[in-house]
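Structure record follows, encoded as structure tokens.
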Amino acid sequence: MRPATLQYDARWGYRHFDARRYERRRYGGVVRGLNHRLLERALARGLAGLQPGALVLDAPCGTGILAPFLARRGLSVIGADISPAMLAVAHERDRGLGHLRADLEAPPLRARSVDAVVCTRFLMHVPAAGRPRMLATLAALARGPLVATVCHPYTLKSFGRALRRAFGGRAKRSPRLTRRALAAEVDAAGLELERVIPVIALLSEVWVVVVRKPGSS
């Protein structure tokens with residue numbers, strides 16, 4: 001029997017909305033553009049073992065913002081997303097082999113059907129109890145690595161928030177994965193944590209992590 005479907009924003013919140021406005025807000029401007037280029041640099045390190053022509057699943061692909069970067073590395077890309085609005089914009093970029101509308105809890109692909117899976121800006125939306133299952137599902141699609149992003153607390157911003165709370169102030173609390181918690185989730189998924197790549201040490205809350213099934217390297 002298939003496990004019960006998880007409820008989370010990334011599954012339901014991005015189906016019908018202004019995808020172009022989302023992209024401008026998420027990636028527009030000098031600072032956000034720089035952050036995205038630094039993310040691509042970290043992803044490049046995570047994908048360094050792939051040969052030109054390798055088949056990569058970008059899931060969820062969103063508006064296809066990573067497609068040009070992956071294509072420049074000589075990779076063949078399939079984009080998958082649950083949102084028709086996102087896919088409509090991604091399709092206009094036309095830098096991949098095609099696009100699939102897919103629920104990542106039950107992706108319409110066979111196990112080991114691609115060389116790698118890239119998964120950015122997604123896992124932080126999945127409830128902690130469901131992340132090991134999601135990791136296992138995505139990793140099973142790849143003959144090689146799952147290269148994903150997670151959010152961690154080892155930043156100056158997180159330290160500053162902790163100080164404010166310690167002195168009685170109010171500060172935002174955002175779910176973040178410690179290195180120990182990340183390792184535990186990867187282990188619970190039956191996977192191996194191969195690399196943790198900071199986007200910018202102490203400044204960015206994003207890690208690029210490389211995980212894979214045992215024996216798939």
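We label chains A, B, ... in the order they appear in the structure tokens, count residues from 1 in each chain, and number ligands from 1 in the order shown.
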Surrounding residues of A:Thr155 excluding itself and chain neighbours under 3 positions, 8 Å, only C-alpha atoms, as a PyMOL selection string = chain A and resi 152+158-159+201-205
Neighbour list for A:Pro145 as a ChimeraX atom specification, cut-off 8 Å, only C-alpha atoms, skip fewer than 2 positions in-chain = /A:115-117,139,142-143,147,210-213,216-217
Keeping only C-alpha atoms, take the residues you just selected and write them out as a compact mmCIF listing (two decimals), in the first residue's frame.
# COMPACT_ATOMS: atom_id res chain seq x y z
CA ASP A 115 22.18 9.50 -14.14
CA ALA A 116 21.51 12.05 -11.40
CA VAL A 117 18.72 13.99 -9.72
CA ALA A 139 17.63 8.84 -4.96
CA ALA A 142 19.28 7.88 -10.19
CA ARG A 143 22.10 5.60 -11.19
CA VAL A 147 22.31 16.52 -5.43
CA VAL A 210 25.39 14.91 -2.36
CA VAL A 211 23.79 11.62 -1.34
CA ARG A 212 23.54 8.30 -3.07
CA LYS A 213 22.52 4.72 -2.63
CA SER A 216 26.16 3.39 -6.64
CA SER A 217 29.38 5.43 -6.85
Write out as an NGL selection string all residues of stretch 71-199 of chain A that DSSP puts in helix (DSSP H, G or I) for this structure's backbone.
-> :A and (71-72 or 84-93 or 123-125 or 128-140 or 156-166 or 179-188)
Atoms kept (N, CA and C atoms) for selection, written as a short mmCIF file (atom, residue, chain, number, x, y, z; two decimals), in the first residue's frame:
data_model
loop_
_atom_site.label_atom_id
_atom_site.label_comp_id
_atom_site.auth_asym_id
_atom_site.auth_seq_id
_atom_site.Cartn_x
_atom_site.Cartn_y
_atom_site.Cartn_z
N ALA A 71 22.58 22.84 -18.92
CA ALA A 71 22.90 22.66 -20.34
C ALA A 71 24.32 23.11 -20.65
N ARG A 72 24.76 24.20 -20.03
CA ARG A 72 26.14 24.67 -20.27
C ARG A 72 27.16 23.66 -19.81
N PRO A 84 1.47 23.38 -13.05
CA PRO A 84 1.34 23.74 -14.46
C PRO A 84 1.87 25.14 -14.76
N ALA A 85 1.69 26.07 -13.81
CA ALA A 85 2.16 27.43 -14.02
C ALA A 85 3.68 27.47 -14.12
N MET A 86 4.36 26.74 -13.25
CA MET A 86 5.82 26.66 -13.32
C MET A 86 6.27 26.02 -14.62
N LEU A 87 5.64 24.92 -14.98
CA LEU A 87 6.05 24.19 -16.18
C LEU A 87 5.85 25.01 -17.45
N ALA A 88 4.82 25.85 -17.47
CA ALA A 88 4.59 26.68 -18.65
C ALA A 88 5.76 27.62 -18.91
N VAL A 89 6.30 28.20 -17.83
CA VAL A 89 7.46 29.08 -17.98
C VAL A 89 8.70 28.27 -18.30
N ALA A 90 8.88 27.13 -17.63
CA ALA A 90 10.05 26.29 -17.88
C ALA A 90 10.09 25.83 -19.34
N HIS A 91 8.94 25.51 -19.88
CA HIS A 91 8.89 25.01 -21.26
C HIS A 91 9.35 26.08 -22.25
N GLU A 92 9.10 27.34 -21.95
CA GLU A 92 9.52 28.42 -22.84
C GLU A 92 11.04 28.54 -22.90
N ARG A 93 11.73 28.10 -21.86
CA ARG A 93 13.19 28.16 -21.89
C ARG A 93 13.76 27.16 -22.89
N LEU A 123 13.27 20.50 -0.29
CA LEU A 123 13.23 19.63 0.89
C LEU A 123 12.89 20.39 2.17
N MET A 124 13.20 21.69 2.21
CA MET A 124 12.85 22.45 3.42
C MET A 124 11.35 22.61 3.60
N HIS A 125 10.58 22.39 2.53
CA HIS A 125 9.12 22.47 2.61
C HIS A 125 8.47 21.16 3.05
N ALA A 128 9.57 17.11 8.40
CA ALA A 128 10.73 16.30 8.79
C ALA A 128 10.41 14.81 8.76
N ALA A 129 9.21 14.43 9.19
CA ALA A 129 8.86 13.01 9.24
C ALA A 129 8.84 12.38 7.85
N GLY A 130 8.60 13.19 6.83
CA GLY A 130 8.51 12.65 5.48
C GLY A 130 9.76 12.80 4.65
N ARG A 131 10.76 13.54 5.15
CA ARG A 131 11.95 13.78 4.33
C ARG A 131 12.75 12.52 4.01
N PRO A 132 12.97 11.60 4.96
CA PRO A 132 13.71 10.39 4.58
C PRO A 132 13.04 9.63 3.44
N ARG A 133 11.72 9.53 3.47
CA ARG A 133 11.01 8.84 2.39
C ARG A 133 11.19 9.59 1.07
N MET A 134 11.12 10.93 1.12
CA MET A 134 11.31 11.71 -0.10
C MET A 134 12.73 11.55 -0.63
N LEU A 135 13.71 11.58 0.26
CA LEU A 135 15.09 11.38 -0.16
C LEU A 135 15.27 10.02 -0.84
N ALA A 136 14.70 8.99 -0.24
CA ALA A 136 14.82 7.65 -0.79
C ALA A 136 14.14 7.55 -2.16
N THR A 137 12.97 8.19 -2.29
CA THR A 137 12.24 8.15 -3.56
C THR A 137 13.03 8.81 -4.67
N LEU A 138 13.59 9.98 -4.40
CA LEU A 138 14.34 10.70 -5.42
C LEU A 138 15.65 9.99 -5.75
N ALA A 139 16.35 9.51 -4.73
CA ALA A 139 17.63 8.84 -4.96
C ALA A 139 17.45 7.56 -5.76
N ALA A 140 16.30 6.89 -5.59
CA ALA A 140 16.07 5.63 -6.31
C ALA A 140 15.96 5.84 -7.82
N LEU A 156 25.73 33.52 10.42
CA LEU A 156 25.75 34.68 11.31
C LEU A 156 24.33 35.14 11.62
N LYS A 157 23.43 35.03 10.65
CA LYS A 157 22.05 35.43 10.89
C LYS A 157 21.42 34.57 11.97
N SER A 158 21.60 33.25 11.89
CA SER A 158 21.04 32.36 12.91
C SER A 158 21.66 32.64 14.28
N PHE A 159 22.95 32.92 14.30
CA PHE A 159 23.62 33.24 15.56
C PHE A 159 23.05 34.51 16.16
N GLY A 160 22.83 35.51 15.31
CA GLY A 160 22.26 36.76 15.80
C GLY A 160 20.85 36.58 16.35
N ARG A 161 20.06 35.76 15.68
CA ARG A 161 18.71 35.49 16.18
C ARG A 161 18.76 34.77 17.52
N ALA A 162 19.67 33.82 17.65
CA ALA A 162 19.81 33.10 18.91
C ALA A 162 20.20 34.05 20.04
N LEU A 163 21.08 35.01 19.76
CA LEU A 163 21.48 35.99 20.77
C LEU A 163 20.29 36.84 21.21
N ARG A 164 19.49 37.28 20.24
CA ARG A 164 18.33 38.10 20.59
C ARG A 164 17.37 37.34 21.49
N ARG A 165 17.14 36.07 21.15
CA ARG A 165 16.25 35.26 22.00
C ARG A 165 16.85 35.06 23.38
N ALA A 166 18.18 34.87 23.44
CA ALA A 166 18.84 34.64 24.73
C ALA A 166 18.71 35.84 25.65
N ARG A 179 24.01 19.41 11.12
CA ARG A 179 24.77 18.35 10.42
C ARG A 179 24.36 16.98 10.95
N ARG A 180 24.14 16.87 12.26
CA ARG A 180 23.75 15.59 12.85
C ARG A 180 22.37 15.17 12.36
N ALA A 181 21.43 16.13 12.33
CA ALA A 181 20.07 15.80 11.89
C ALA A 181 20.06 15.41 10.41
N LEU A 182 20.86 16.11 9.60
CA LEU A 182 20.97 15.75 8.19
C LEU A 182 21.48 14.32 8.04
N ALA A 183 22.54 13.99 8.74
CA ALA A 183 23.11 12.64 8.65
C ALA A 183 22.09 11.59 9.09
N ALA A 184 21.30 11.91 10.13
CA ALA A 184 20.29 10.96 10.60
C ALA A 184 19.20 10.74 9.56
N GLU A 185 18.77 11.81 8.89
CA GLU A 185 17.72 11.67 7.87
C GLU A 185 18.23 10.88 6.67
N VAL A 186 19.46 11.16 6.27
CA VAL A 186 20.04 10.42 5.15
C VAL A 186 20.18 8.94 5.50
N ASP A 187 20.62 8.66 6.72
CA ASP A 187 20.74 7.28 7.16
C ASP A 187 19.38 6.60 7.22
N ALA A 188 18.36 7.30 7.70
CA ALA A 188 17.01 6.73 7.76
C ALA A 188 16.46 6.42 6.37
#
Mind checking which residues fall within 10 Å of A:Gly46, counting only C-alpha atoms, ignoring those fewer than 2 positions away in the same chain, and posting them as a list in words?
->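 Contacts, with the query itself left out: Glu40, Arg41, Ala42, Leu43, Ala44, Ala48, Gly49, Leu50, Val118, Pro145, Leu146, Val147, Ala148, Glu194, Arg195, Val196, Ile197, Val208, Val209, Val210 and Val211 of chain A.
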I need the chosen residues saved as an mmCIF file, in the first residue's frame, with N, CA and C atoms.
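Wrote selection_29.cif, looks like this:
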data_model
loop_
_atom_site.group_PDB
_atom_site.id
_atom_site.type_symbol
_atom_site.label_atom_id
_atom_site.label_comp_id
_atom_site.auth_asym_id
_atom_site.auth_seq_id
_atom_site.Cartn_x
_atom_site.Cartn_y
_atom_site.Cartn_z
ATOM 1 N N GLU A 40 24.712 27.938 -8.108
ATOM 2 C CA GLU A 40 25.117 27.158 -9.282
ATOM 3 C C GLU A 40 26.565 26.681 -9.149
ATOM 4 N N ARG A 41 27.421 27.521 -8.596
ATOM 5 C CA ARG A 41 28.821 27.116 -8.408
ATOM 6 C C ARG A 41 28.915 25.920 -7.468
ATOM 7 N N ALA A 42 28.130 25.955 -6.379
ATOM 8 C CA ALA A 42 28.138 24.824 -5.447
ATOM 9 C C ALA A 42 27.534 23.579 -6.098
ATOM 10 N N LEU A 43 26.473 23.750 -6.866
ATOM 11 C CA LEU A 43 25.880 22.610 -7.571
ATOM 12 C C LEU A 43 26.878 22.005 -8.554
ATOM 13 N N ALA A 44 27.649 22.848 -9.215
ATOM 14 C CA ALA A 44 28.650 22.344 -10.156
ATOM 15 C C ALA A 44 29.642 21.427 -9.458
ATOM 16 N N ALA A 48 30.200 17.324 -10.297
ATOM 17 C CA ALA A 48 31.480 17.257 -10.996
ATOM 18 C C ALA A 48 31.790 15.875 -11.561
ATOM 19 N N GLY A 49 31.256 14.826 -10.970
ATOM 20 C CA GLY A 49 31.566 13.478 -11.446
ATOM 21 C C GLY A 49 30.797 13.041 -12.679
ATOM 22 N N LEU A 50 29.830 13.834 -13.123
ATOM 23 C CA LEU A 50 29.016 13.455 -14.277
ATOM 24 C C LEU A 50 29.729 13.788 -15.581
ATOM 25 N N VAL A 118 18.735 16.402 -9.493
ATOM 26 C CA VAL A 118 19.003 17.681 -8.846
ATOM 27 C C VAL A 118 17.705 18.153 -8.202
ATOM 28 N N PRO A 145 24.261 10.195 -8.242
ATOM 29 C CA PRO A 145 23.926 10.946 -7.029
ATOM 30 C C PRO A 145 22.589 11.665 -7.085
ATOM 31 N N LEU A 146 22.071 11.936 -5.904
ATOM 32 C CA LEU A 146 21.032 12.934 -5.690
ATOM 33 C C LEU A 146 21.747 14.158 -5.125
ATOM 34 N N VAL A 147 21.657 15.274 -5.841
ATOM 35 C CA VAL A 147 22.307 16.518 -5.434
ATOM 36 C C VAL A 147 21.191 17.484 -5.041
ATOM 37 N N ALA A 148 21.116 17.817 -3.767
ATOM 38 C CA ALA A 148 19.973 18.565 -3.246
ATOM 39 C C ALA A 148 20.438 19.723 -2.372
ATOM 40 N N GLU A 194 27.576 11.774 0.985
ATOM 41 C CA GLU A 194 28.902 11.810 0.363
ATOM 42 C C GLU A 194 29.606 13.151 0.563
ATOM 43 N N ARG A 195 28.867 14.256 0.385
ATOM 44 C CA ARG A 195 29.481 15.578 0.492
ATOM 45 C C ARG A 195 28.472 16.585 1.028
ATOM 46 N N VAL A 196 28.988 17.575 1.744
ATOM 47 C CA VAL A 196 28.210 18.743 2.146
ATOM 48 C C VAL A 196 28.989 19.959 1.657
ATOM 49 N N ILE A 197 28.376 20.755 0.791
ATOM 50 C CA ILE A 197 29.059 21.868 0.139
ATOM 51 C C ILE A 197 28.373 23.174 0.542
ATOM 52 N N VAL A 208 24.593 22.528 -0.326
ATOM 53 C CA VAL A 208 24.352 21.551 -1.383
ATOM 54 C C VAL A 208 24.869 20.221 -0.855
ATOM 55 N N VAL A 209 24.018 19.222 -0.814
ATOM 56 C CA VAL A 209 24.421 17.918 -0.286
ATOM 57 C C VAL A 209 24.368 16.885 -1.411
ATOM 58 N N VAL A 210 25.312 15.985 -1.381
ATOM 59 C CA VAL A 210 25.388 14.910 -2.361
ATOM 60 C C VAL A 210 25.162 13.598 -1.622
ATOM 61 N N VAL A 211 24.085 12.912 -1.963
ATOM 62 C CA VAL A 211 23.789 11.623 -1.336
ATOM 63 C C VAL A 211 23.571 10.599 -2.446
#
Would you list, as a ChimeraX atom specification, the residues of stretch 8-210 of chain A that end up in strand (DSSP E or B) under DSSP run on this structure's backbone?
-> /A:55-58,76-81,98-101,114,116-119,142,146-151,155,192-198,202,206-210
Determine the nearest neighbour of A:Arg26 from the options A:Gln51, A:Leu38, A:Ile65, A:Leu57, counting only C-alpha atoms.
-> A:Ile65
Long-range neighbours of A:Tyr27 as an NGL selection string, 12 Å cut-off, only C-alpha atoms, 3 positions minimum in chain | :A and (19-24 or 30-37 or 39 or 63 or 65-66)
Compare A:Gly169, A:Gly144, A:Gly29, A:Gly79 by their minimum atom-to-atom distance to A:Leu100, counting only C-alpha atoms, and give me the closest one.
->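 Of A:Gly169, A:Gly144, A:Gly29, A:Gly79, the one nearest A:Leu100 is A:Gly79, counting only C-alpha atoms.
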Correct to one decimal, the distance atom CA of A:Asp94-atom CA of A:Leu141 is 22.9 Å
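Residue neighbourhood of A:Leu75, excluding near-sequence residues (fewer than 3 positions): Pro52, Gly53, Ala54, Leu55, Val56, Leu70 and Ala71 of chain A, at 7 Å, using only C-alpha atoms.
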Next, dump the selected residues to file, keeping only N, CA and C atoms, as a PDB file, in the first residue's frame.
ATOM      1  N   PRO A  52      29.779  14.663 -19.729  1.00  0.00           N
ATOM      2  CA  PRO A  52      28.916  15.360 -20.685  1.00  0.00           C
ATOM      3  C   PRO A  52      27.932  14.384 -21.330  1.00  0.00           C
ATOM      4  N   GLY A  53      26.705  14.834 -21.462  1.00  0.00           N
ATOM      5  CA  GLY A  53      25.671  13.975 -22.020  1.00  0.00           C
ATOM      6  C   GLY A  53      24.900  13.192 -20.988  1.00  0.00           C
ATOM      7  N   ALA A  54      25.339  13.244 -19.721  1.00  0.00           N
ATOM      8  CA  ALA A  54      24.615  12.521 -18.665  1.00  0.00           C
ATOM      9  C   ALA A  54      23.189  13.070 -18.551  1.00  0.00           C
ATOM     10  N   LEU A  55      22.261  12.187 -18.227  1.00  0.00           N
ATOM     11  CA  LEU A  55      20.850  12.557 -18.132  1.00  0.00           C
ATOM     12  C   LEU A  55      20.524  12.932 -16.690  1.00  0.00           C
ATOM     13  N   VAL A  56      20.026  14.156 -16.495  1.00  0.00           N
ATOM     14  CA  VAL A  56      19.748  14.682 -15.173  1.00  0.00           C
ATOM     15  C   VAL A  56      18.270  15.028 -15.057  1.00  0.00           C
ATOM     16  N   LEU A  70      22.614  23.833 -16.328  1.00  0.00           N
ATOM     17  CA  LEU A  70      22.867  22.405 -16.553  1.00  0.00           C
ATOM     18  C   LEU A  70      23.236  22.143 -18.003  1.00  0.00           C
ATOM     19  N   ALA A  71      22.583  22.843 -18.921  1.00  0.00           N
ATOM     20  CA  ALA A  71      22.898  22.662 -20.343  1.00  0.00           C
ATOM     21  C   ALA A  71      24.321  23.111 -20.651  1.00  0.00           C
TER      22      ALA A  71
END
